[in-house]
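my_file08.cif (mmCIF, C-alpha atoms)
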```
data_work
loop_
_atom_site.label_atom_id
_atom_site.label_comp_id
_atom_site.auth_asym_id
_atom_site.auth_seq_id
_atom_site.Cartn_x
_atom_site.Cartn_y
_atom_site.Cartn_z
CA MET H 1 -10.25 25.33 63.95
CA PRO H 2 -12.80 24.55 61.23
CA PRO H 3 -11.80 21.72 58.88
CA ARG H 4 -10.27 22.82 55.59
CA ARG H 5 -12.56 22.34 52.67
CA THR H 6 -11.02 20.40 49.87
CA ALA H 7 -12.35 19.92 46.39
CA PRO H 8 -14.29 16.66 46.03
CA LEU H 9 -12.59 13.85 44.16
CA ARG H 10 -13.79 13.45 40.63
CA VAL H 11 -13.12 10.95 37.94
CA VAL H 12 -11.30 12.50 35.01
CA ALA H 13 -11.11 11.08 31.55
CA ASN H 14 -7.96 9.18 30.66
CA PRO H 15 -5.56 11.96 29.60
CA ARG H 16 -4.02 9.67 26.99
CA PRO H 17 -6.88 7.74 25.41
CA THR H 18 -6.10 4.85 23.10
CA PRO H 19 -5.51 6.27 19.60
CA LEU H 20 -7.99 5.39 16.87
CA VAL H 21 -5.14 4.12 14.73
CA PRO H 22 -2.08 2.66 16.49
CA ASN H 23 1.24 4.19 15.43
CA ALA H 24 2.47 0.96 13.83
CA VAL H 25 -0.67 0.65 11.69
CA LEU H 26 -0.59 4.33 10.72
CA GLY H 27 3.06 4.08 9.69
CA MET H 28 2.38 0.96 7.64
CA GLY H 29 -0.69 2.63 6.14
CA ILE H 30 1.40 5.57 4.92
CA PHE H 31 3.98 3.16 3.48
CA VAL H 32 1.25 1.15 1.73
CA PHE H 33 -0.22 4.38 0.34
CA THR H 34 3.10 5.33 -1.29
CA GLU H 35 3.63 1.78 -2.57
CA ALA H 36 0.15 1.72 -4.08
CA MET H 37 0.99 4.91 -5.98
CA LEU H 38 4.30 3.40 -7.13
CA PHE H 39 2.50 0.35 -8.57
CA ALA H 40 -0.21 2.57 -10.07
CA GLY H 41 2.47 4.60 -11.86
CA LEU H 42 4.20 1.50 -13.23
CA ILE H 43 0.93 -0.10 -14.37
CA SER H 44 -0.08 3.18 -16.04
CA ALA H 45 3.24 3.37 -17.89
CA HIS H 46 2.78 -0.25 -18.98
CA THR H 47 -0.78 0.41 -20.17
CA ILE H 48 0.27 3.41 -22.27
CA THR H 49 3.34 1.70 -23.75
CA ARG H 50 1.27 -1.34 -24.64
CA ALA H 51 -1.49 0.76 -26.23
CA SER H 52 1.04 2.76 -28.25
CA SER H 53 2.96 -0.28 -29.48
CA ALA H 54 3.23 -0.24 -33.26
CA VAL H 55 4.12 -3.94 -33.56
CA GLY H 56 1.48 -5.50 -31.32
CA TRP H 57 1.71 -6.92 -27.80
CA PRO H 58 3.68 -9.01 -26.98
CA PRO H 59 6.18 -7.86 -29.63
CA PRO H 60 7.11 -10.41 -32.33
CA GLY H 61 9.58 -13.03 -31.13
CA GLN H 62 8.62 -12.59 -27.50
CA PRO H 63 6.72 -15.29 -25.57
CA ARG H 64 3.15 -14.88 -24.36
CA LEU H 65 2.90 -14.74 -20.58
CA PRO H 66 1.47 -17.88 -18.93
CA PHE H 67 -1.98 -16.49 -18.07
CA GLU H 68 -3.65 -19.84 -17.29
CA GLU H 69 -0.87 -21.22 -15.08
CA THR H 70 -0.63 -17.97 -13.18
CA ALA H 71 -4.37 -18.15 -12.46
CA LEU H 72 -3.61 -21.03 -10.09
CA ASN H 73 -0.93 -18.95 -8.42
CA THR H 74 -3.34 -16.03 -8.11
CA VAL H 75 -5.86 -18.28 -6.35
CA ALA H 76 -3.11 -19.44 -3.96
CA LEU H 77 -2.25 -15.84 -3.08
CA LEU H 78 -5.89 -14.87 -2.58
CA LEU H 79 -6.39 -17.91 -0.33
CA SER H 80 -3.30 -16.88 1.59
CA GLY H 81 -4.83 -13.44 2.22
CA ALA H 82 -8.05 -15.09 3.39
CA ALA H 83 -6.13 -17.45 5.71
CA VAL H 84 -4.25 -14.54 7.31
CA PHE H 85 -7.56 -12.72 7.77
CA VAL H 86 -9.07 -15.77 9.52
CA ALA H 87 -5.90 -16.06 11.64
CA GLN H 88 -6.19 -12.43 12.69
CA ARG H 89 -9.78 -13.03 13.81
CA LEU H 90 -9.02 -16.32 15.56
CA LEU H 91 -5.93 -15.16 17.46
CA ARG H 92 -8.12 -13.20 19.90
CA ARG H 93 -10.16 -16.25 20.94
CA ASP H 94 -8.21 -19.38 20.02
CA HIS H 95 -4.48 -18.66 19.90
CA GLN H 96 -3.40 -22.11 18.71
CA ARG H 97 -5.89 -22.32 15.83
CA GLY H 98 -5.03 -18.75 14.88
CA LEU H 99 -1.37 -19.69 14.61
CA SER H 100 -2.26 -22.70 12.43
CA TRP H 101 -4.21 -20.48 10.03
CA LEU H 102 -1.32 -18.02 9.97
CA ALA H 103 1.07 -20.84 9.08
CA ALA H 104 -1.29 -21.92 6.29
CA GLY H 105 -1.40 -18.35 4.96
CA TRP H 106 2.38 -18.14 5.09
CA GLY H 107 2.70 -21.46 3.27
CA LEU H 108 0.37 -20.38 0.47
CA GLY H 109 2.31 -17.11 0.15
CA ALA H 110 5.59 -19.03 -0.05
CA PHE H 111 4.04 -21.27 -2.72
CA PHE H 112 3.15 -18.14 -4.72
CA VAL H 113 6.71 -16.82 -4.59
CA GLY H 114 8.20 -20.24 -5.42
CA PHE H 115 5.81 -20.74 -8.35
CA GLN H 116 6.80 -17.34 -9.70
CA GLY H 117 10.46 -18.28 -9.52
CA VAL H 118 9.77 -21.39 -11.62
CA GLU H 119 7.69 -19.33 -14.06
CA TRP H 120 10.52 -16.82 -14.47
CA LEU H 121 13.03 -19.57 -15.25
CA GLY H 122 10.73 -20.83 -18.01
CA LEU H 123 10.28 -17.36 -19.46
CA ILE H 124 14.03 -16.63 -19.42
CA ARG H 125 14.58 -19.93 -21.27
CA GLU H 126 12.01 -18.80 -23.87
CA GLY H 127 13.93 -15.55 -24.42
CA LEU H 128 12.03 -13.06 -22.28
CA THR H 129 14.61 -11.04 -20.37
CA LEU H 130 14.82 -7.58 -18.88
CA THR H 131 16.54 -6.27 -22.02
CA SER H 132 14.85 -8.40 -24.72
CA SER H 133 11.96 -5.95 -25.22
CA THR H 134 9.77 -3.36 -23.49
CA HIS H 135 7.44 -6.28 -22.78
CA GLY H 136 10.19 -8.09 -20.83
CA ALA H 137 11.36 -4.91 -19.11
CA PHE H 138 7.87 -4.10 -17.82
CA PHE H 139 7.16 -7.69 -16.86
CA TYR H 140 10.30 -8.11 -14.74
CA LEU H 141 10.04 -4.62 -13.29
CA ILE H 142 6.39 -4.82 -12.17
CA VAL H 143 6.18 -8.51 -11.31
CA GLY H 144 9.69 -8.45 -9.81
CA LEU H 145 8.84 -5.48 -7.61
CA HIS H 146 5.73 -7.29 -6.46
CA ALA H 147 7.77 -10.41 -5.74
CA LEU H 148 10.19 -8.34 -3.64
CA HIS H 149 7.24 -7.00 -1.66
CA ALA H 150 5.86 -10.51 -1.27
CA ILE H 151 9.22 -11.79 0.06
CA ALA H 152 9.51 -8.86 2.50
CA ALA H 153 5.91 -9.36 3.67
CA LEU H 154 6.49 -13.12 4.07
CA ALA H 155 9.57 -12.42 6.20
CA ALA H 156 7.52 -10.02 8.32
CA LEU H 157 4.66 -12.53 8.63
CA GLY H 158 7.11 -15.28 9.62
CA TRP H 159 8.70 -13.03 12.24
CA ALA H 160 5.24 -12.06 13.54
CA GLY H 161 4.24 -15.73 13.74
CA LEU H 162 7.35 -16.57 15.80
CA GLN H 163 6.75 -13.64 18.14
CA LEU H 164 3.09 -14.62 18.51
CA ARG H 165 4.09 -18.16 19.48
CA ARG H 166 6.09 -16.65 22.35
CA SER H 167 3.19 -14.24 23.02
CA ARG H 168 5.57 -11.32 22.63
CA LEU H 169 3.89 -9.37 19.84
CA PRO H 170 1.56 -6.44 20.51
CA PRO H 171 -1.69 -6.64 18.49
CA SER H 172 -0.89 -3.32 16.77
CA SER H 173 2.38 -4.70 15.36
CA PHE H 174 0.61 -7.78 14.05
CA ALA H 175 -2.08 -5.58 12.50
CA ALA H 176 0.64 -3.57 10.73
CA VAL H 177 2.26 -6.74 9.34
CA THR H 178 -1.09 -8.10 8.12
CA LEU H 179 -1.87 -4.74 6.47
CA PHE H 180 1.33 -5.12 4.43
CA TRP H 181 0.34 -8.66 3.45
CA TYR H 182 -3.19 -7.56 2.45
CA PHE H 183 -1.57 -4.94 0.22
CA VAL H 184 0.63 -7.58 -1.45
CA VAL H 185 -2.45 -9.79 -1.97
CA GLY H 186 -4.73 -6.92 -3.06
CA VAL H 187 -2.41 -5.40 -5.66
CA TRP H 188 -1.68 -8.73 -7.36
CA PRO H 189 -5.04 -9.24 -9.21
CA VAL H 190 -4.59 -5.78 -10.76
CA ILE H 191 -1.06 -6.68 -11.92
CA TYR H 192 -2.24 -10.07 -13.15
CA LEU H 193 -5.13 -8.66 -15.19
CA ARG H 194 -3.10 -5.76 -16.63
CA VAL H 195 0.27 -7.41 -17.31
CA TYR H 196 -0.59 -11.04 -18.07
CA THR H 197 -3.53 -10.52 -20.47
CA MET W 1 -15.40 38.92 -16.04
CA THR W 2 -18.37 36.54 -15.72
CA ARG W 3 -18.04 32.97 -14.53
CA GLY W 4 -19.04 31.73 -17.97
CA THR W 5 -16.18 33.63 -19.60
CA LEU W 6 -13.73 32.23 -17.06
CA LEU W 7 -14.86 28.66 -17.74
CA LEU W 8 -14.71 29.03 -21.52
CA PRO W 9 -10.95 28.33 -22.12
CA PRO W 10 -10.80 25.12 -20.01
CA ALA W 11 -14.11 23.93 -21.50
CA TRP W 12 -12.78 24.61 -24.99
CA LEU W 13 -9.57 22.65 -24.28
CA ALA W 14 -11.56 19.77 -22.81
CA LEU W 15 -13.89 19.57 -25.80
CA ALA W 16 -11.21 20.03 -28.43
CA PRO W 17 -8.09 18.30 -27.06
CA GLU W 18 -6.50 18.02 -30.53
CA LEU W 19 -5.61 21.69 -30.33
CA ALA W 20 -4.00 21.32 -26.92
CA ARG W 21 -1.93 18.22 -27.59
CA ALA W 22 1.49 19.52 -26.75
CA CYS W 23 3.11 16.29 -25.51
CA ALA W 24 5.58 14.96 -28.07
CA VAL W 25 4.82 11.31 -27.38
CA CYS W 26 1.02 11.53 -27.24
CA GLY W 27 0.63 10.94 -30.94
CA ALA W 28 3.74 8.80 -31.39
CA GLY W 29 2.00 5.45 -31.27
CA ALA W 30 0.58 3.61 -34.21
CA ASN W 31 -2.75 3.07 -32.45
CA GLU W 32 -3.58 6.68 -31.80
CA ASP W 33 -7.13 6.07 -30.59
CA GLU W 34 -6.07 3.24 -28.32
CA SER W 35 -3.24 5.23 -26.78
CA ARG W 36 -5.50 8.22 -26.27
CA VAL W 37 -7.95 6.02 -24.36
CA ALA W 38 -5.02 4.59 -22.37
CA TYR W 39 -3.84 8.11 -21.48
CA LEU W 40 -7.34 9.09 -20.42
CA LEU W 41 -7.93 5.97 -18.31
CA THR W 42 -4.54 6.10 -16.58
CA THR W 43 -4.98 9.81 -15.85
CA VAL W 44 -8.35 9.10 -14.25
CA ALA W 45 -6.93 6.14 -12.29
CA LEU W 46 -3.86 8.04 -11.06
CA SER W 47 -6.00 11.03 -10.03
CA ALA W 48 -8.74 9.00 -8.35
CA LEU W 49 -6.55 6.47 -6.52
CA PRO W 50 -4.91 8.78 -3.93
CA LEU W 51 -8.17 10.65 -3.37
CA GLY W 52 -10.04 7.37 -2.99
CA MET W 53 -7.50 6.00 -0.52
CA LEU W 54 -7.44 9.18 1.59
CA GLY W 55 -11.23 9.46 1.40
CA GLY W 56 -11.62 5.82 2.43
CA PHE W 57 -9.27 6.36 5.37
CA ALA W 58 -11.14 9.51 6.47
CA PHE W 59 -14.48 7.67 6.20
CA TRP W 60 -13.14 4.76 8.25
CA LEU W 61 -11.73 7.13 10.91
CA ARG W 62 -15.06 8.93 11.21
CA ARG W 63 -16.98 5.65 11.52
CA GLU W 64 -14.52 4.29 14.10
CA HIS W 65 -14.68 7.53 16.11
CA LYS W 66 -18.49 7.39 16.12
CA ARG W 67 -18.45 3.74 17.13
CA ARG W 68 -16.06 4.46 19.99
CA THR W 69 -18.05 7.46 21.19
CA ARG W 70 -21.20 5.37 21.20
CA ALA W 71 -19.46 2.58 23.11
CA SER W 72 -18.07 5.00 25.74
CA LEU W 73 -21.56 6.47 26.26
CA HIS W 74 -22.95 3.00 26.90
CA HIS W 75 -20.00 1.93 29.10
CA PRO W 76 -18.52 5.13 30.54
CA SER W 77 -16.03 3.22 32.70
CA SER W 78 -14.35 1.50 29.75
#
```
Target encoding C-alpha cells, full file:
Amino acid sequence: MPPRRTAPLRVVANPRPTPLVPNAVLGMGIFVFTEAMLFAGLISAHTITRASSAVGWPPPGQPRLPFEETALNTVALLLSGAAVFVAQRLLRRDHQRGLSWLAAGWGLGAFFVGFQGVEWLGLIREGLTLTSSTHGAFFYLIVGLHALHAIAALAALGWAGLQLRRSRLPPSSFAAVTLFWYFVVGVWPVIYLRVYT
Amino acid sequence: MTRGTLLLPPAWLALAPELARACAVCGAGANEDESRVAYLLTTVALSALPLGMLGGFAFWLRREHKRRTRASLHHPSS
C-alpha cells in the first residue's frame, strides 16, 4: 500500500496578533478624548463669559487669582509628568529605579493637589466662593473638576505603583494609568493660562 | 445651478455676519468686539480639537503599523 500523502507542515501567522493599541489603553484614550472635550467646553464658556463681562474681570469685590504662586504649583505638576514618563521608560530596564521615579512623580502630584487645597482656603477666606460671582463659579467648577481628575489619577498611579512592586501589573494597564496622568498634567497649563490670567 | 451660485449664500453669511446674528446673547456683552473674537476663537478651538485628536491618533496608528510591518519583515519569527 503506497504511503498516504499528507500536506507539508507550514508555519502560519499568529491568528491573534498583538493589537496595535491594547484594550486598556484604547479605553483610557476614549475616556481622555471625552474629558478633553468636557474641559474644552468649560474653558470656552469661561472665555466667552469673561469677554462679555460688562464690569471687568475679575468682577469688583472679587479677589484676583494667585497667578504667581500657582506658577510654582504648575512647575511641580509638569515635573511630576516628566518623572512618570522617566519611570515608564526605566521600568523596562531597571525596575527599582523606575519605581523610585514613579514615587517621585506621585509625590509631586500630591504636592500639587495639597497646594491647591491651601490656595482654595485662602480664596474662600477672601470671599471667592462658588456663588459669589461668575468668576468664582467658573474657577471652582473648572479647577475643582481638574482637582478631582488629579485625585483620581493619583489614586490610580498609587495603585499601579503598588501592583508594580509586586510585579502584578501588565504593561498595558500601567500605560493606561500613565495616559490618564499625562492628560491631567497636559490640560493644566491650558487651565492655568486661561483661568488664572 | 452653478457651483458659484450654490456657494454664494454661505459666502455672504461669512462675510457679513451682522445680518446672520440670530443668537440672543451674542450681542449682550458690553465688549462686543471682544466677545465676538471670543466666540470665533472658541468655535475654532472646539471644532479643531476633536479633529486634531482623532487625526493625531490615526497618524500614530499608521506610523505604528508601518513600524511593526517593517520589524516583522526584518525578523519574521518575532
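We find CA of Ser100 (chain H) and CA of Arg166 (chain H) to be spaced 14.3 Å apart.
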task: Go through H:Ile30, H:Ile191, H:Leu20, H:Val143 and flag the residue nearest Gly117 (chain H), using all atoms listed in the file for the distances.
output: H:Val143
statement: CA of Gln96 (chain H) to CA of Leu169 (chain H) measures 14.7 Å
field: Target residues per the PyMOL selection byres ((chain W and resi 45) around 12), formatted as a PyMOL selection string
entry: (chain H and resi 36-37+39-41+43-45+47) or (chain W and resi 38-44+46-53)
Atoms kept (C-alpha atoms) for selection, written as a CSV table (one decimal), keeping the file's coordinate frame:
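Just written: again_14.csv:
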```csv
chain,number,residue,atom,x,y,z
H,36,ALA,CA,0.2,1.7,-4.1
H,37,MET,CA,1.0,4.9,-6.0
H,39,PHE,CA,2.5,0.4,-8.6
H,40,ALA,CA,-0.2,2.6,-10.1
H,41,GLY,CA,2.5,4.6,-11.9
H,43,ILE,CA,0.9,-0.1,-14.4
H,44,SER,CA,-0.1,3.2,-16.0
H,45,ALA,CA,3.2,3.4,-17.9
H,47,THR,CA,-0.8,0.4,-20.2
W,38,ALA,CA,-5.0,4.6,-22.4
W,39,TYR,CA,-3.8,8.1,-21.5
W,40,LEU,CA,-7.3,9.1,-20.4
W,41,LEU,CA,-7.9,6.0,-18.3
W,42,THR,CA,-4.5,6.1,-16.6
W,43,THR,CA,-5.0,9.8,-15.8
W,44,VAL,CA,-8.4,9.1,-14.2
W,46,LEU,CA,-3.9,8.0,-11.1
W,47,SER,CA,-6.0,11.0,-10.0
W,48,ALA,CA,-8.7,9.0,-8.4
W,49,LEU,CA,-6.6,6.5,-6.5
W,50,PRO,CA,-4.9,8.8,-3.9
W,51,LEU,CA,-8.2,10.6,-3.4
W,52,GLY,CA,-10.0,7.4,-3.0
W,53,MET,CA,-7.5,6.0,-0.5
```
Within-12 Å shell of (-5.7, -17.9, -11.8) in input frame, all atoms listed in the file, as a compact mmCIF listing (two decimals) with C-alpha atoms, in the frame of the given file:
```
# COMPACT_ATOMS: atom_id res chain seq x y z
CA PRO H 66 1.47 -17.88 -18.93
CA PHE H 67 -1.98 -16.49 -18.07
CA GLU H 68 -3.65 -19.84 -17.29
CA GLU H 69 -0.87 -21.22 -15.08
CA THR H 70 -0.63 -17.97 -13.18
CA ALA H 71 -4.37 -18.15 -12.46
CA LEU H 72 -3.61 -21.03 -10.09
CA ASN H 73 -0.93 -18.95 -8.42
CA THR H 74 -3.34 -16.03 -8.11
CA VAL H 75 -5.86 -18.28 -6.35
CA ALA H 76 -3.11 -19.44 -3.96
CA LEU H 77 -2.25 -15.84 -3.08
CA LEU H 78 -5.89 -14.87 -2.58
CA LEU H 79 -6.39 -17.91 -0.33
CA PHE H 112 3.15 -18.14 -4.72
CA TRP H 188 -1.68 -8.73 -7.36
CA PRO H 189 -5.04 -9.24 -9.21
CA TYR H 192 -2.24 -10.07 -13.15
CA LEU H 193 -5.13 -8.66 -15.19
CA TYR H 196 -0.59 -11.04 -18.07
CA THR H 197 -3.53 -10.52 -20.47
```
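Within 6 Å of chain W, and using all atoms listed in the file, the residues found on chain H are Ser44, Ile48, Ala51, Ser52 and Ala54 of chain H.
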task: Let me know the residues the PyMOL selection byres ((chain H and resi 135) around 9) catches in the file above, as a VMD selection string.
output: chain H and resid 46 50 57 to 59 62 128 to 130 132 to 134 136 to 140
task: Could you list the residues chosen by the PyMOL selection byres ((chain H and resi 87) around 7) in this structure as a VMD selection string?
output: chain H and resid 83 to 86 88 to 91 98 to 99 101 to 102
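When CA of Ser167 (chain H) is paired with CA of Ala82 (chain H), their separation reads 22.6 Å.
Using only C-alpha atoms, the protein and nucleic acid residues lying no more than 12 Å from Ala24 (chain H), apart from those fewer than 5 places from it along its own chain, are H:Pro19, H:Gly29, H:Ile30, H:Phe31, H:Pro170, H:Pro171, H:Ser172, H:Ser173, H:Phe174, H:Ala175, H:Ala176, H:Val177, H:Thr178, H:Leu179, H:Phe180.
Taking only C-alpha atoms into account, Gly61 (chain H) lies nearest to H:Glu126 out of the set H:Leu42, H:Val25, H:Arg93, H:Glu126.
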C-alpha atoms of region 65-144 of chain H from block above, as a PDB file, in the first residue's frame:
```pdb
ATOM      1  CA  LEU H  65      -6.380  84.657  41.444  1.00  0.00           C
ATOM      2  CA  PRO H  66      -2.859  83.903  42.738  1.00  0.00           C
ATOM      3  CA  PHE H  67      -1.106  83.637  39.351  1.00  0.00           C
ATOM      4  CA  GLU H  68       2.480  83.818  40.663  1.00  0.00           C
ATOM      5  CA  GLU H  69       2.044  81.285  43.477  1.00  0.00           C
ATOM      6  CA  THR H  70       0.267  78.872  41.176  1.00  0.00           C
ATOM      7  CA  ALA H  71       3.212  79.063  38.756  1.00  0.00           C
ATOM      8  CA  LEU H  72       5.230  77.086  41.310  1.00  0.00           C
ATOM      9  CA  ASN H  73       2.443  74.535  41.530  1.00  0.00           C
ATOM     10  CA  THR H  74       2.312  74.311  37.736  1.00  0.00           C
ATOM     11  CA  VAL H  75       6.036  73.561  37.626  1.00  0.00           C
ATOM     12  CA  ALA H  76       5.532  70.828  40.252  1.00  0.00           C
ATOM     13  CA  LEU H  77       2.807  69.198  38.150  1.00  0.00           C
ATOM     14  CA  LEU H  78       4.868  69.392  34.957  1.00  0.00           C
ATOM     15  CA  LEU H  79       7.833  67.841  36.782  1.00  0.00           C
ATOM     16  CA  SER H  80       5.526  65.125  38.037  1.00  0.00           C
ATOM     17  CA  GLY H  81       4.513  64.309  34.451  1.00  0.00           C
ATOM     18  CA  ALA H  82       8.184  64.193  33.448  1.00  0.00           C
ATOM     19  CA  ALA H  83       9.023  61.909  36.403  1.00  0.00           C
ATOM     20  CA  VAL H  84       6.243  59.468  35.477  1.00  0.00           C
ATOM     21  CA  PHE H  85       7.495  59.484  31.878  1.00  0.00           C
ATOM     22  CA  VAL H  86      11.041  58.647  33.046  1.00  0.00           C
ATOM     23  CA  ALA H  87       9.602  55.933  35.321  1.00  0.00           C
ATOM     24  CA  GLN H  88       7.708  54.405  32.411  1.00  0.00           C
ATOM     25  CA  ARG H  89      10.937  54.243  30.399  1.00  0.00           C
ATOM     26  CA  LEU H  90      13.048  52.929  33.272  1.00  0.00           C
ATOM     27  CA  LEU H  91      10.644  50.214  34.434  1.00  0.00           C
ATOM     28  CA  ARG H  92      11.567  48.050  31.420  1.00  0.00           C
ATOM     29  CA  ARG H  93      15.293  48.013  32.253  1.00  0.00           C
ATOM     30  CA  ASP H  94      15.726  48.954  35.908  1.00  0.00           C
ATOM     31  CA  HIS H  95      12.602  48.103  37.898  1.00  0.00           C
ATOM     32  CA  GLN H  96      13.771  49.564  41.212  1.00  0.00           C
ATOM     33  CA  ARG H  97      14.860  52.926  39.789  1.00  0.00           C
ATOM     34  CA  GLY H  98      11.652  53.059  37.775  1.00  0.00           C
ATOM     35  CA  LEU H  99       9.627  52.639  40.953  1.00  0.00           C
ATOM     36  CA  SER H 100      11.617  55.428  42.643  1.00  0.00           C
ATOM     37  CA  TRP H 101      10.866  57.814  39.773  1.00  0.00           C
ATOM     38  CA  LEU H 102       7.208  56.813  39.911  1.00  0.00           C
ATOM     39  CA  ALA H 103       7.131  57.576  43.643  1.00  0.00           C
ATOM     40  CA  ALA H 104       8.726  60.975  42.944  1.00  0.00           C
ATOM     41  CA  GLY H 105       6.094  61.693  40.284  1.00  0.00           C
ATOM     42  CA  TRP H 106       3.335  60.671  42.674  1.00  0.00           C
ATOM     43  CA  GLY H 107       4.785  62.891  45.412  1.00  0.00           C
ATOM     44  CA  LEU H 108       4.935  65.929  43.140  1.00  0.00           C
ATOM     45  CA  GLY H 109       1.345  65.268  42.049  1.00  0.00           C
ATOM     46  CA  ALA H 110       0.242  65.022  45.685  1.00  0.00           C
ATOM     47  CA  PHE H 111       2.064  68.305  46.386  1.00  0.00           C
ATOM     48  CA  PHE H 112       0.076  69.914  43.546  1.00  0.00           C
ATOM     49  CA  VAL H 113      -3.256  68.771  44.978  1.00  0.00           C
ATOM     50  CA  GLY H 114      -2.280  69.784  48.531  1.00  0.00           C
ATOM     51  CA  PHE H 115      -1.094  73.219  47.391  1.00  0.00           C
ATOM     52  CA  GLN H 116      -4.388  73.737  45.600  1.00  0.00           C
ATOM     53  CA  GLY H 117      -6.300  72.887  48.755  1.00  0.00           C
ATOM     54  CA  VAL H 118      -4.351  75.558  50.663  1.00  0.00           C
ATOM     55  CA  GLU H 119      -4.921  78.041  47.825  1.00  0.00           C
ATOM     56  CA  TRP H 120      -8.672  77.385  47.900  1.00  0.00           C
ATOM     57  CA  LEU H 121      -8.840  78.004  51.647  1.00  0.00           C
ATOM     58  CA  GLY H 122      -7.167  81.390  51.125  1.00  0.00           C
ATOM     59  CA  LEU H 123      -9.533  82.320  48.314  1.00  0.00           C
ATOM     60  CA  ILE H 124     -12.626  81.313  50.305  1.00  0.00           C
ATOM     61  CA  ARG H 125     -11.366  83.492  53.174  1.00  0.00           C
ATOM     62  CA  GLU H 126     -11.022  86.387  50.702  1.00  0.00           C
ATOM     63  CA  GLY H 127     -14.654  85.960  49.624  1.00  0.00           C
ATOM     64  CA  LEU H 128     -14.355  83.934  46.428  1.00  0.00           C
ATOM     65  CA  THR H 129     -16.972  81.181  46.610  1.00  0.00           C
ATOM     66  CA  LEU H 130     -18.973  79.140  44.150  1.00  0.00           C
ATOM     67  CA  THR H 131     -21.908  81.556  44.451  1.00  0.00           C
ATOM     68  CA  SER H 132     -20.073  84.874  44.976  1.00  0.00           C
ATOM     69  CA  SER H 133     -19.789  85.618  41.240  1.00  0.00           C
ATOM     70  CA  THR H 134     -19.472  84.041  37.794  1.00  0.00           C
ATOM     71  CA  HIS H 135     -15.722  84.360  38.348  1.00  0.00           C
ATOM     72  CA  GLY H 136     -15.928  82.158  41.464  1.00  0.00           C
ATOM     73  CA  ALA H 137     -18.361  79.722  39.852  1.00  0.00           C
ATOM     74  CA  PHE H 138     -16.087  79.151  36.855  1.00  0.00           C
ATOM     75  CA  PHE H 139     -12.960  78.972  38.991  1.00  0.00           C
ATOM     76  CA  TYR H 140     -14.298  76.292  41.341  1.00  0.00           C
ATOM     77  CA  LEU H 141     -16.009  74.389  38.539  1.00  0.00           C
ATOM     78  CA  ILE H 142     -13.004  74.177  36.185  1.00  0.00           C
ATOM     79  CA  VAL H 143     -10.195  73.993  38.729  1.00  0.00           C
ATOM     80  CA  GLY H 144     -12.285  71.744  41.005  1.00  0.00           C
TER      81      GLY H 144
END
```
